[in-house]
Structure formats: structure tokens, C-alpha cells
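**Q** Next comes entry-v9.csv, CSV, C-alpha atoms:
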```csv
chain,number,residue,atom,x,y,z
A,11,MET,CA,5.4,54.1,-167.3
A,12,ALA,CA,7.3,56.7,-165.3
A,13,LEU,CA,8.5,55.1,-162.0
A,14,VAL,CA,9.0,57.0,-158.7
A,15,ASN,CA,12.3,57.3,-156.9
A,16,ILE,CA,11.3,54.9,-154.1
A,17,HIS,CA,13.8,56.5,-151.7
A,18,PHE,CA,11.7,59.6,-151.6
A,19,LEU,CA,8.8,57.4,-150.3
A,20,ASN,CA,11.0,56.6,-147.3
A,21,LEU,CA,11.0,60.2,-146.2
A,22,GLN,CA,8.9,60.8,-143.1
A,23,ASN,CA,5.6,62.3,-144.1
A,24,ASN,CA,6.0,65.6,-142.3
A,25,TYR,CA,8.8,68.1,-142.0
A,26,LEU,CA,9.4,69.5,-138.5
A,27,PHE,CA,8.6,73.1,-139.2
A,28,ALA,CA,5.6,72.2,-141.4
A,29,ASP,CA,4.2,70.2,-138.4
A,30,ILE,CA,4.8,73.2,-136.1
A,31,ALA,CA,3.0,75.5,-138.6
A,32,LYS,CA,0.0,73.1,-138.7
A,33,LYS,CA,-0.3,73.0,-134.9
A,34,VAL,CA,0.0,76.8,-134.6
A,35,ASN,CA,-2.6,77.3,-137.4
A,36,ALA,CA,-5.0,74.9,-135.7
A,37,PHE,CA,-4.6,76.9,-132.4
A,38,LYS,CA,-5.3,80.2,-134.3
A,39,VAL,CA,-8.5,78.8,-135.7
A,40,MET,CA,-9.7,77.9,-132.1
A,41,HIS,CA,-8.3,81.1,-130.6
A,42,PRO,CA,-8.5,83.8,-133.3
A,43,LYS,CA,-7.8,86.7,-130.9
A,44,ALA,CA,-4.7,85.1,-129.4
A,45,ASP,CA,-1.5,87.1,-129.9
A,46,ILE,CA,1.1,84.4,-130.6
A,47,ILE,CA,4.8,85.1,-130.3
A,48,SER,CA,7.1,82.7,-132.2
A,49,LEU,CA,10.5,81.8,-130.7
A,50,GLY,CA,10.6,78.6,-132.7
A,51,ILE,CA,11.6,79.1,-136.4
A,52,GLY,CA,15.0,80.6,-136.9
A,53,ASP,CA,14.1,83.5,-139.2
A,54,VAL,CA,15.6,86.9,-138.6
A,55,THR,CA,13.6,90.0,-137.8
A,56,GLN,CA,16.1,92.9,-138.1
A,57,PRO,CA,16.3,94.8,-141.5
A,58,LEU,CA,19.3,94.6,-143.8
A,59,CYS,CA,22.0,96.9,-142.7
A,60,PRO,CA,22.5,100.3,-144.6
A,61,ALA,CA,25.8,99.1,-146.3
A,62,VAL,CA,24.0,96.2,-147.8
A,63,ILE,CA,21.0,98.2,-149.0
A,64,GLU,CA,23.3,100.8,-150.6
A,65,ALA,CA,25.2,98.1,-152.4
A,66,MET,CA,21.9,96.5,-153.7
A,67,HIS,CA,20.7,99.9,-155.0
A,68,ARG,CA,24.0,100.4,-156.8
A,69,ALA,CA,23.9,97.0,-158.3
A,70,SER,CA,20.2,97.5,-159.4
A,71,ASP,CA,21.2,100.8,-161.1
A,72,GLU,CA,24.0,99.0,-162.9
A,73,MET,CA,21.5,96.4,-164.2
A,74,ALA,CA,19.4,99.3,-165.7
A,75,SER,CA,22.2,100.3,-168.2
A,76,VAL,CA,23.6,98.5,-171.2
A,77,GLN,CA,27.2,99.0,-169.9
A,78,GLY,CA,26.4,97.7,-166.4
A,79,PHE,CA,23.9,94.9,-167.2
A,80,HIS,CA,24.9,91.4,-165.9
A,81,GLY,CA,23.3,88.3,-167.4
A,82,TYR,CA,24.5,84.8,-166.5
A,83,GLY,CA,27.3,85.0,-164.0
A,84,PRO,CA,30.0,82.4,-163.2
A,85,GLU,CA,28.4,79.3,-161.5
A,86,GLN,CA,31.1,79.4,-158.8
A,87,GLY,CA,30.5,83.1,-158.1
A,88,TYR,CA,32.1,86.4,-158.9
A,89,ASP,CA,35.7,86.9,-158.0
A,90,PHE,CA,35.0,90.2,-156.2
A,91,LEU,CA,33.0,88.3,-153.5
A,92,ARG,CA,35.3,85.3,-153.4
A,93,LYS,CA,38.4,87.5,-152.9
A,94,ALA,CA,36.6,89.4,-150.2
A,95,ILE,CA,35.7,86.1,-148.4
A,96,LEU,CA,39.3,85.0,-148.5
A,97,LYS,CA,40.6,88.3,-147.2
A,98,ASN,CA,38.1,88.8,-144.4
A,99,ASP,CA,36.9,85.4,-143.3
A,100,PHE,CA,40.0,83.2,-143.5
A,101,LEU,CA,43.3,85.1,-143.7
A,102,PRO,CA,42.8,86.8,-140.3
A,103,ARG,CA,42.5,83.3,-138.8
A,104,GLY,CA,45.6,82.1,-140.5
A,105,VAL,CA,43.7,80.0,-143.1
A,106,HIS,CA,45.1,80.2,-146.7
A,107,LEU,CA,42.8,79.2,-149.5
A,108,ASP,CA,42.6,79.8,-153.3
A,109,VAL,CA,39.8,81.7,-154.9
A,110,ASP,CA,38.7,78.7,-156.9
A,111,GLU,CA,38.2,76.7,-153.7
A,112,ILE,CA,35.3,79.1,-152.9
A,113,PHE,CA,31.8,78.4,-154.4
A,114,ILE,CA,29.1,81.0,-153.9
A,115,ASN,CA,25.6,79.6,-153.4
A,116,ASP,CA,22.1,80.7,-152.6
A,117,GLY,CA,22.4,79.7,-148.9
A,118,ALA,CA,23.9,76.9,-146.9
A,119,LYS,CA,20.8,74.7,-146.9
A,120,SER,CA,21.1,74.1,-150.6
A,121,ASP,CA,24.7,73.0,-150.6
A,122,THR,CA,24.5,70.9,-147.4
A,123,GLY,CA,21.7,69.0,-149.0
A,124,ASN,CA,23.2,68.7,-152.4
A,125,PHE,CA,26.8,67.9,-151.7
A,126,GLN,CA,26.0,64.3,-150.8
A,127,GLU,CA,25.2,63.7,-154.5
A,128,LEU,CA,28.9,63.4,-155.2
A,129,LEU,CA,29.2,60.4,-152.8
A,130,HIS,CA,28.4,56.7,-153.4
A,131,TRP,CA,25.1,55.6,-151.9
A,132,ASP,CA,26.8,52.9,-149.8
A,133,ASN,CA,28.7,55.3,-147.7
A,134,PHE,CA,27.9,55.2,-144.0
A,135,ILE,CA,27.1,58.6,-142.5
A,136,GLY,CA,27.6,59.7,-139.0
A,137,VAL,CA,25.7,62.6,-137.4
A,138,THR,CA,25.6,64.4,-134.1
A,139,ASP,CA,22.2,63.9,-132.5
A,140,PRO,CA,20.2,66.1,-132.3
A,141,ILE,CA,20.9,67.4,-135.9
A,142,TYR,CA,19.6,69.8,-138.5
A,143,PRO,CA,17.0,67.6,-140.4
A,144,VAL,CA,18.3,68.4,-143.9
A,145,TYR,CA,21.5,66.4,-143.4
A,146,ILE,CA,19.5,63.2,-142.9
A,147,ASP,CA,16.7,63.8,-145.3
A,148,SER,CA,19.0,64.6,-148.2
A,149,ASN,CA,20.8,61.3,-147.7
A,150,VAL,CA,17.4,59.4,-147.4
A,151,MET,CA,16.6,60.8,-150.9
A,152,ILE,CA,19.5,58.9,-152.4
A,153,GLY,CA,18.9,55.6,-150.5
A,154,ARG,CA,21.8,55.9,-148.1
A,155,CYS,CA,20.1,55.7,-144.7
A,156,GLY,CA,18.5,52.3,-144.8
A,157,THR,CA,15.1,51.8,-143.0
A,158,PHE,CA,13.4,53.9,-140.4
A,159,GLU,CA,12.6,52.2,-137.1
A,160,ASP,CA,11.9,53.7,-133.6
A,161,GLY,CA,13.0,57.1,-134.7
A,162,ARG,CA,16.3,56.0,-136.2
A,163,TRP,CA,17.7,55.1,-139.6
A,164,SER,CA,19.4,51.7,-139.7
A,165,ARG,CA,22.5,52.9,-141.7
A,166,VAL,CA,23.1,56.1,-139.8
A,167,VAL,CA,25.6,56.3,-136.9
A,168,TYR,CA,24.1,58.6,-134.3
A,169,MET,CA,26.4,60.3,-131.8
A,170,PRO,CA,24.3,61.6,-128.9
A,171,CYS,CA,24.9,65.2,-127.6
A,172,ASN,CA,23.2,65.9,-124.4
A,173,ALA,CA,23.7,67.3,-120.9
A,174,GLU,CA,25.2,64.0,-119.7
A,175,ASN,CA,28.2,64.4,-122.1
A,176,ASN,CA,28.3,68.2,-122.0
A,177,PHE,CA,27.0,68.2,-125.6
A,178,VAL,CA,30.4,67.0,-126.9
A,179,PRO,CA,30.0,64.1,-129.5
A,180,GLU,CA,32.1,61.0,-128.9
A,181,ILE,CA,33.8,59.1,-131.7
A,182,PRO,CA,31.9,55.8,-131.6
A,183,LYS,CA,33.9,52.7,-131.0
A,184,GLY,CA,33.4,49.8,-133.4
A,185,ARG,CA,31.3,51.8,-135.9
A,186,HIS,CA,33.0,53.0,-139.1
A,187,MET,CA,31.8,56.2,-140.7
A,188,ASP,CA,32.6,57.4,-144.2
A,189,VAL,CA,31.0,60.8,-144.1
A,190,ILE,CA,30.6,62.8,-140.9
A,191,TYR,CA,28.3,65.8,-140.4
A,192,LEU,CA,29.4,68.4,-137.9
A,193,CYS,CA,27.7,71.7,-137.2
A,194,TYR,CA,29.3,74.3,-134.9
A,195,PRO,CA,28.1,76.5,-133.4
A,196,ASN,CA,25.4,73.9,-133.3
A,197,ASN,CA,21.9,74.1,-134.5
A,198,PRO,CA,19.8,73.2,-132.5
A,199,THR,CA,21.7,73.1,-129.2
A,200,GLY,CA,23.6,76.4,-129.5
A,201,THR,CA,26.7,74.7,-128.2
A,202,VAL,CA,30.2,75.0,-129.5
A,203,ILE,CA,33.3,72.8,-130.0
A,204,THR,CA,36.9,73.4,-128.8
A,205,LYS,CA,39.9,73.2,-131.1
A,206,ASP,CA,41.1,70.1,-129.1
A,207,GLU,CA,37.8,68.3,-129.7
A,208,LEU,CA,37.6,69.3,-133.3
A,209,ARG,CA,41.1,68.1,-133.8
A,210,LYS,CA,40.0,64.6,-132.7
A,211,TRP,CA,37.5,64.5,-135.6
A,212,VAL,CA,40.0,65.7,-138.1
A,213,ASN,CA,42.5,63.1,-137.0
A,214,TYR,CA,39.8,60.4,-137.2
A,215,ALA,CA,38.9,61.5,-140.7
A,216,LEU,CA,42.5,61.5,-141.8
A,217,LYS,CA,43.2,58.1,-140.3
A,218,ASN,CA,40.0,56.4,-141.6
A,219,ASP,CA,39.9,58.2,-145.0
A,220,ALA,CA,36.6,59.8,-144.0
A,221,LEU,CA,35.0,63.0,-145.2
A,222,ILE,CA,33.8,65.7,-142.8
A,223,LEU,CA,30.9,68.0,-143.9
A,224,TYR,CA,31.3,71.0,-141.6
A,225,ASP,CA,28.4,73.5,-141.3
A,226,ALA,CA,29.7,76.8,-139.9
A,227,ALA,CA,26.6,78.9,-140.7
A,228,TYR,CA,26.6,80.5,-137.2
A,229,GLN,CA,30.3,81.1,-136.8
A,230,ALA,CA,29.8,84.9,-136.8
A,231,TYR,CA,28.1,84.5,-133.4
A,232,ILE,CA,31.2,83.1,-131.6
A,233,GLN,CA,32.3,85.5,-128.9
A,234,ASP,CA,35.6,83.8,-127.9
A,235,ASP,CA,38.5,83.8,-130.3
A,236,ASP,CA,39.8,80.5,-128.9
A,237,ILE,CA,36.8,78.7,-130.3
A,238,PRO,CA,37.3,77.7,-133.9
A,239,HIS,CA,35.4,79.7,-136.5
A,240,SER,CA,36.5,77.3,-139.3
A,241,ILE,CA,37.5,73.7,-139.4
A,242,TYR,CA,40.5,74.8,-141.5
A,243,GLU,CA,42.0,76.2,-138.4
A,244,ILE,CA,42.8,72.6,-137.6
A,245,ARG,CA,45.9,71.2,-139.3
A,246,GLY,CA,45.1,68.6,-141.9
A,247,ALA,CA,41.5,69.6,-142.3
A,248,ARG,CA,42.2,70.8,-145.9
A,249,LYS,CA,42.6,67.1,-146.8
A,250,CYS,CA,39.4,65.8,-145.3
A,251,ALA,CA,36.8,68.6,-144.8
A,252,ILE,CA,34.2,70.6,-146.8
A,253,GLU,CA,32.9,73.8,-145.0
A,254,PHE,CA,29.5,75.5,-145.6
A,255,ARG,CA,28.7,79.1,-144.6
A,256,SER,CA,25.7,81.3,-144.9
A,257,TYR,CA,24.9,85.0,-144.8
A,258,SER,CA,21.3,84.3,-143.7
A,259,LYS,CA,21.9,84.6,-140.0
A,260,THR,CA,25.2,86.6,-140.3
A,261,ALA,CA,23.7,89.5,-142.2
A,262,GLY,CA,20.0,88.8,-142.4
A,263,PHE,CA,20.0,87.3,-145.9
A,264,THR,CA,17.2,84.8,-145.3
A,265,GLY,CA,15.2,86.6,-148.0
A,266,ILE,CA,18.2,87.6,-150.2
A,267,ARG,CA,19.8,84.1,-150.4
A,268,CYS,CA,23.6,84.0,-150.5
A,269,GLY,CA,26.3,81.9,-148.9
A,270,TYR,CA,29.3,79.9,-149.9
A,271,THR,CA,30.9,76.5,-149.7
A,272,VAL,CA,34.7,75.8,-149.4
A,273,VAL,CA,36.0,72.8,-151.3
A,274,PRO,CA,39.8,72.5,-150.9
A,275,LYS,CA,41.7,71.0,-153.8
A,276,ASP,CA,43.3,68.6,-151.4
A,277,VAL,CA,40.1,66.7,-150.6
A,278,SER,CA,39.5,63.7,-152.7
A,279,VAL,CA,37.4,60.5,-152.7
A,280,ALA,CA,38.0,57.1,-154.2
A,281,ASP,CA,36.3,54.6,-156.4
A,282,PHE,CA,36.3,50.8,-155.7
A,283,GLU,CA,39.6,50.4,-157.5
A,284,GLY,CA,41.3,53.0,-155.3
A,285,GLU,CA,41.6,55.8,-157.8
A,286,ARG,CA,41.3,59.2,-156.3
A,287,PHE,CA,39.0,62.0,-157.5
A,288,PRO,CA,39.3,65.7,-156.3
A,289,LEU,CA,36.0,66.9,-154.9
A,290,ASN,CA,36.8,70.4,-156.0
A,291,GLN,CA,36.5,69.4,-159.7
A,292,LEU,CA,33.5,67.2,-159.1
A,293,TRP,CA,31.6,70.0,-157.3
A,294,LEU,CA,32.5,72.5,-160.0
A,295,ARG,CA,31.1,70.1,-162.6
A,296,ARG,CA,28.0,69.5,-160.6
A,297,GLN,CA,27.4,73.3,-160.1
A,298,CYS,CA,28.0,74.1,-163.8
A,299,THR,CA,25.4,71.5,-164.7
A,300,LYS,CA,22.7,72.1,-162.1
A,301,PHE,CA,23.2,75.7,-160.8
A,302,ASN,CA,23.1,79.0,-162.7
A,303,GLY,CA,24.8,80.9,-160.0
A,304,THR,CA,23.7,83.4,-157.3
A,305,SER,CA,22.3,86.7,-158.5
A,306,TYR,CA,24.7,89.5,-159.2
A,307,ILE,CA,22.7,91.8,-156.9
A,308,SER,CA,22.9,89.3,-154.0
A,309,GLN,CA,26.6,88.9,-154.4
A,310,ARG,CA,27.2,92.7,-154.4
A,311,ALA,CA,25.1,92.8,-151.2
A,312,ALA,CA,27.2,90.1,-149.6
A,313,GLU,CA,30.4,91.9,-150.6
A,314,ALA,CA,29.2,95.0,-148.8
A,315,ILE,CA,29.2,93.3,-145.4
A,316,TYR,CA,33.0,93.1,-145.6
A,317,THR,CA,33.4,96.9,-145.9
A,318,PRO,CA,34.4,98.8,-142.7
A,319,GLU,CA,30.9,100.1,-142.4
A,320,GLY,CA,29.3,96.8,-143.3
A,321,LYS,CA,31.4,95.0,-140.6
A,322,GLN,CA,30.3,97.4,-138.0
A,323,GLN,CA,26.7,97.3,-138.9
A,324,VAL,CA,26.5,93.5,-139.1
A,325,LYS,CA,28.2,93.2,-135.7
A,326,ALA,CA,25.6,95.5,-134.3
A,327,THR,CA,22.8,93.3,-135.6
A,328,ILE,CA,24.5,90.1,-134.2
A,329,ASP,CA,24.9,91.9,-130.9
A,330,TYR,CA,21.2,92.7,-131.0
A,331,TYR,CA,20.3,89.1,-131.3
A,332,MET,CA,22.8,88.0,-128.7
A,333,GLN,CA,21.3,90.5,-126.2
A,334,ASN,CA,18.1,88.5,-126.7
A,335,ALA,CA,19.9,85.3,-126.1
A,336,HIS,CA,21.5,86.5,-122.9
A,337,LEU,CA,18.2,87.7,-121.5
A,338,MET,CA,16.6,84.4,-122.4
A,339,LEU,CA,19.3,82.5,-120.6
A,340,LYS,CA,19.1,84.7,-117.5
A,341,THR,CA,15.3,84.6,-117.3
A,342,LEU,CA,14.8,80.9,-118.0
A,343,ARG,CA,17.6,79.9,-115.5
A,344,SER,CA,16.0,82.2,-112.8
A,345,LEU,CA,12.8,80.2,-113.4
A,346,GLY,CA,14.6,76.9,-112.6
A,347,TYR,CA,14.9,75.6,-116.2
A,348,GLU,CA,18.1,73.8,-117.4
A,349,VAL,CA,19.2,75.8,-120.4
A,350,TYR,CA,22.2,75.5,-122.7
A,351,GLY,CA,23.7,77.4,-125.7
A,352,GLY,CA,23.0,81.1,-126.1
A,353,GLU,CA,26.5,82.2,-125.4
A,354,HIS,CA,28.1,81.7,-128.8
A,355,ALA,CA,25.0,81.1,-130.9
A,356,PRO,CA,21.4,82.5,-131.3
A,357,TYR,CA,19.8,79.3,-130.0
A,358,ILE,CA,18.7,78.3,-126.5
A,359,TRP,CA,18.4,74.6,-125.8
A,360,MET,CA,16.1,73.9,-122.8
A,361,LYS,CA,15.4,70.7,-121.0
A,362,THR,CA,11.7,70.3,-120.4
A,363,PRO,CA,10.6,70.0,-116.7
A,364,GLY,CA,9.7,66.6,-115.3
A,365,ASN,CA,10.7,64.6,-118.3
A,366,THR,CA,7.8,66.1,-120.3
A,367,GLY,CA,7.9,65.0,-123.9
A,368,SER,CA,9.0,67.7,-126.4
A,369,TRP,CA,5.7,67.9,-128.3
A,370,LYS,CA,3.7,67.9,-125.2
A,371,PHE,CA,5.7,70.8,-123.7
A,372,PHE,CA,5.4,72.6,-127.1
A,373,GLU,CA,1.6,72.4,-126.9
A,374,GLU,CA,1.4,73.3,-123.2
A,375,LEU,CA,3.5,76.4,-123.8
A,376,LEU,CA,1.5,77.3,-126.9
A,377,TYR,CA,-1.8,77.0,-125.1
A,378,GLY,CA,-0.7,78.3,-121.8
A,379,ALA,CA,1.5,81.2,-122.8
A,380,ASN,CA,0.8,81.7,-126.5
A,381,VAL,CA,4.5,81.2,-127.2
A,382,VAL,CA,6.0,78.9,-129.9
A,383,CYS,CA,9.1,76.9,-129.4
A,384,THR,CA,10.6,74.0,-131.5
A,385,PRO,CA,10.2,70.4,-130.1
A,386,GLY,CA,13.7,69.0,-129.7
A,387,VAL,CA,12.7,65.5,-130.8
A,388,GLY,CA,12.2,66.9,-134.3
A,389,PHE,CA,16.0,67.2,-134.5
A,390,GLY,CA,16.6,63.5,-133.6
A,391,PRO,CA,16.2,60.9,-130.9
A,392,SER,CA,18.5,62.7,-128.4
A,393,GLY,CA,16.4,65.8,-128.7
A,394,GLU,CA,13.5,64.2,-126.9
A,395,GLY,CA,12.9,66.0,-123.6
A,396,TYR,CA,14.3,69.3,-124.9
A,397,VAL,CA,12.9,72.3,-126.8
A,398,ARG,CA,14.7,75.0,-128.8
A,399,PHE,CA,14.2,78.8,-128.6
A,400,THR,CA,15.6,81.3,-131.1
A,401,ALA,CA,17.0,84.7,-130.3
A,402,PHE,CA,16.0,86.2,-133.6
A,403,GLY,CA,12.9,88.0,-132.4
A,404,THR,CA,12.7,91.7,-131.7
A,405,HIS,CA,13.6,92.9,-128.2
A,406,GLU,CA,10.0,93.7,-127.6
A,407,GLN,CA,8.8,90.3,-128.7
A,408,THR,CA,11.5,88.5,-126.7
A,409,GLU,CA,10.7,90.4,-123.5
A,410,GLU,CA,7.0,89.9,-123.9
A,411,ALA,CA,7.5,86.1,-124.6
A,412,LEU,CA,9.7,85.8,-121.5
A,413,ARG,CA,7.1,87.7,-119.4
A,414,ARG,CA,4.4,85.2,-120.5
A,415,ILE,CA,6.7,82.2,-119.9
A,416,GLU,CA,7.5,83.5,-116.4
A,417,TYR,CA,3.8,84.0,-115.5
A,418,TRP,CA,2.8,80.6,-117.0
A,419,THR,CA,5.6,78.8,-115.2
A,420,LYS,CA,4.7,80.2,-111.8
A,421,GLN,CA,1.1,79.3,-112.4
A,422,THR,CA,1.9,75.7,-113.6
A,423,PHE,CA,4.9,74.3,-111.7
```
The structure in this file should be written as C-alpha cells.
**A**
Amino acid sequence: MALVNIHFLNLQNNYLFADIAKKVNAFKVMHPKADIISLGIGDVTQPLCPAVIEAMHRASDEMASVQGFHGYGPEQGYDFLRKAILKNDFLPRGVHLDVDEIFINDGAKSDTGNFQELLHWDNFIGVTDPIYPVYIDSNVMIGRCGTFEDGRWSRVVYMPCNAENNFVPEIPKGRHMDVIYLCYPNNPTGTVITKDELRKWVNYALKNDALILYDAAYQAYIQDDDIPHSIYEIRGARKCAIEFRSYSKTAGFTGIRCGYTVVPKDVSVADFEGERFPLNQLWLRRQCTKFNGTSYISQRAAEAIYTPEGKQQVKATIDYYMQNAHLMLKTLRSLGYEVYGGEHAPYIWMKTPGNTGSWKFFEELLYGANVVCTPGVGFGPSGEGYVRFTAFGTHEQTEEALRRIEYWTKQTF
């Protein structure tokens, strides 16, 4: 008899964005003529930039010839892209890495979910709250999170991030953490972390032999050079941190699928006897066994964003989305809402008026203005009483959504 992995049965029945889709579809059935604008799911709307398209065309033409055809590629990625990453993403910020510390993937979501496979199931994890759901769910799948009660997992250390603490997570006193998830610029709150605050986490990890899993998928949206783009800008981080990056929101690769993970050779974990094992070698072994590599065409496309033309074009797309974010901040604040983020990230985190529950406000906005947001409680207990908006719509969609929200707000409150 084949037995189920019982830990999968501990997952909550519904995924946040699946729940949103169900509610929106139900609304459409009842209101088939309604024109719904979604500012909820963080998918991009602008087309791939010309440099990327040209690179994909060239790569496709290569694949059409015997001489240029590429079959299985290296599981860790082609050197042409890994070298471009080192030269453009890290060296300008004073970070020195080796090529074989870079692992190309099919997007940050896969690796942030899969990396926990290398770690013992008895490790205690710590998460900022609210948090991207994949971090928790992937740990639930291996049995690391305990039991779920009152919106929390018993073996997870939650570190609230809210307006009261300026969205800066505090290192909990009296609670040990073996693995710490940090995401900056943050999804969902859109807030950032300073070098001084990030240094506190690196120092904690070094002192307590903990591992930091650092999601920097939105670093390209940072507008201030003093804000760290990489955790490796902090001295000592090479010994305690793994970093995940993605081209999905940087260059519109949500449908192309490409990103990368940095696993320094200095980072190691121990067994119960105290013997150390480099995570770089363990991750290489895992990838060679369970991953056939990112497509050649996708990697050539990613390489193109590092050309002078590609950099300029990608920046123009990021500026496009940030214009939306700035307009959203300005409009929502003028209506009296408390809003955060949106300055160094494409996300707006808004406090619901009158302590309205996140899902209740979601439904009121959907039915009252035909605009979709994301309920904050879906990202964790501290997200209750907030909703998330994304700046990834077109200018026209964003402006129309804000016009509707303004009219609805003045009619309702």
C-alpha cells in the first residue's frame, strides 16, 4: 500500500491567490458585465524589452542549426550568464563571488521553496510576519512547522512587522532560530531594511550558527544606494547567508522563468556530531539530481539585460511601475488611508479603515469599486487589518482603479 506524506495533509486547504481567484470568479458569475481591475496578484504587464527579444530570437535561430543547437545544459547554469551576474550585480557593490557560487534557476519561487530540503526537519525557522506563503508552506511539507492553531504554526518563530515597529523585525528574546527567512525589499509590505538593521541579523546568525535565507527578488526597485541590494554587502554574510534573486519582476520574466541563487562556499551546516558540510556542494548535488537546468534561450535572454541597451530598457520598465506606485501612494494618502512601501518596491501595503478585517475589506472593495487587492492576513497573522496593492498594472489600469477607489471611498466613509 502506498502511503501519503502526512505532512502534506497539514497544509492549509487553500492557497491565498487561489482563494482570491475563486472569490473574483464568483463575483464575475453574479456580475458578468463588471469590468474588474486587479491590483492584487503581482504579475507584470509590460512586454519584454527589445534587447531581451532580440537575444531570444538569436538563441532560437542558433537552436535551428546543427552547429548552434543546445541540448542539456549545465544544471548550475551557463558561464556566460553567471559571469555577467558577477560583473554587473555584485562587483559594482563591492561583493566578490566565484562563478561556481552562482546557480541559475527557473525563478526564485522554486529555489526558496526547495532549499529547505538540505536542512534537518528539526530546525526551528524564524520568519518575518507577514511573509511570502511559500517560505512556510515548503517547510510544512517536510514536517518542520509543527501544528497549526489560531493562524500560527507551533514550531515557527514569528517576528511581527507592522506600523507599530516601523516594519523592522526585532530579534526575539529567548527564542532560538536555526533558519531565518528575510525578504527585502519586502513582499508583501514593500518596506526595506537598512544596512545597520541587516547587520544585526548577520551578527545573530554568526553568533548562533544560524542560516539566513535572503530573498532579494525586488532589489532592482531600490532607489537609494545606501539601502543594501545584497546581504553580502554586510561583512560576514558569506559565512551564514544564501541569497535568492529573480528576473521575473526585474525584467518581466514571469513567463520566461529565470533567476539565480547564490550559495557561497563559506556557508556550511553541521550534523549531530558537529561535522560541517558546505551547502554549496550539497546544493550542487541536489540540483544535478532533481533539476535539468534553465533553458538556453531563457539564459541568453537574461544575459541581454546586462548589455548597455538592456540595462537602459529594464530601468525604463522599472521606472514605469514605480510611477504607478508613486501615484498610488499619493492618491491613497490623499483619501486618508495609511499606506506604506511603494518607494523602493512595487508593492503598497495599506491599513484598512476602522479595523476592518482584510477579507472583509477585499470583498467591499471588489463589490463597491470592482477593484481586486490582496488580503494581508493571507501573508500571516500580522497581516490582518492590511491589504496589498501591486504597481504592476498599466498606467491606464492603475489610474482607473484609483479613480474608482476614490469615488467609492467618498461614498462609503
**Q** Residues near region 350-360 of chain A, anyone? I mean within 8 Å using all atoms listed in the file, not counting same-chain ones fewer than 2 positions away, as an MDAnalysis selection string.
**A** chainID A and resid 195:202 228:229 231:234 331:332 335:336 338:339 347:348 362 396:402
**Q** My list of candidates is A:Tyr168, A:Phe79, A:Phe37, A:Phe254. Which is closest to Tyr306 (chain A) when distances are computed with only C-alpha atoms?
**A**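 Looking at the shortest contact to Tyr306 (chain A), the residue is A:Phe79.
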**Q** Excluding Leu294 (chain A) and any residue of its chain fewer than 3 positions from it, enumerate the residues within 12 Å of it, using only C-alpha atoms, and give them as a PyMOL selection string.
**A** chain A and resi 84-87+110-115+125+128+271-275+288-291+297-303
**Q** With all atoms listed in the file counted, which protein, DNA or RNA residues have an atom no more than 10 Å from (42.4, 82.2, -151.4) in the file frame? Please answer as a list in words.
**A**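 Residues lying no farther than 10 Å from the given point: Arg92, Lys93, Ala94, Ile95, Leu96, Lys97, Phe100, Leu101, Val105, His106, Leu107, Asp108, Val109, Asp110, Glu111 and Ile112 of chain A.
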**Q** Distance CA of Cys59 (chain A)-CA of Asp121 (chain A), one decimal place?
**A**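 So the two atoms, CA of Cys59 (chain A) and CA of Asp121 (chain A), lie 25.3 Å apart.
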**Q** Just checking: using all atoms listed in the file, which residue out of A:Gln56, A:Tyr142, A:Thr157, A:Asp147 ends up closest to Asp329 (chain A)?
**A** A:Gln56
**Q** Between CA of Trp163 (chain A) and CA of Ala12 (chain A), what is the spacing in Å?
**A**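 Straight-line distance from CA of Ala12 (chain A) to CA of Trp163 (chain A) works out to 27.8 Å.
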**Q** Have a look at A:Ser240, A:Asn20, A:Thr304, A:Asn218 and name the one nearest to Asn149 (chain A); count all atoms listed in the file.
**A**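 Smallest distance to Asn149 (chain A) is found for A:Asn20.
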**Q** Using all atoms listed in the file, list the residues that have an atom at most 10 Å from (28.4, 60.4, -130.7), coordinates as in the file, as a ChimeraX atom specification.
**A** /A:136-139,167-172,175,177-183
**Q** Write the residues of the preceding selection, restricted to C-alpha atoms, as a PDB file, keeping the file's coordinate frame.
**A**
```pdb
ATOM      1  CA  GLY A 136      27.600  59.700-139.000  1.00  0.00           C
ATOM      2  CA  VAL A 137      25.700  62.600-137.400  1.00  0.00           C
ATOM      3  CA  THR A 138      25.600  64.400-134.100  1.00  0.00           C
ATOM      4  CA  ASP A 139      22.200  63.900-132.500  1.00  0.00           C
ATOM      5  CA  VAL A 167      25.600  56.300-136.900  1.00  0.00           C
ATOM      6  CA  TYR A 168      24.100  58.600-134.300  1.00  0.00           C
ATOM      7  CA  MET A 169      26.400  60.300-131.800  1.00  0.00           C
ATOM      8  CA  PRO A 170      24.300  61.600-128.900  1.00  0.00           C
ATOM      9  CA  CYS A 171      24.900  65.200-127.600  1.00  0.00           C
ATOM     10  CA  ASN A 172      23.200  65.900-124.400  1.00  0.00           C
ATOM     11  CA  ASN A 175      28.200  64.400-122.100  1.00  0.00           C
ATOM     12  CA  PHE A 177      27.000  68.200-125.600  1.00  0.00           C
ATOM     13  CA  VAL A 178      30.400  67.000-126.900  1.00  0.00           C
ATOM     14  CA  PRO A 179      30.000  64.100-129.500  1.00  0.00           C
ATOM     15  CA  GLU A 180      32.100  61.000-128.900  1.00  0.00           C
ATOM     16  CA  ILE A 181      33.800  59.100-131.700  1.00  0.00           C
ATOM     17  CA  PRO A 182      31.900  55.800-131.600  1.00  0.00           C
ATOM     18  CA  LYS A 183      33.900  52.700-131.000  1.00  0.00           C
TER      19      LYS A 183
END
```
**Q** Can you pull out the residues contacting region 366-373 of chain A? Cut-off 8 Å, using all atoms listed in the file, and skip same-chain residues under 3 positions away; I want them as a list in words.
**A**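 Non-adjacent residues within range: Thr362, Pro363, Leu376, Tyr377, Val382, Cys383, Thr384, Pro385, Gly386, Val387, Gly393, Glu394, Gly395, Tyr396 and Val397 of chain A.
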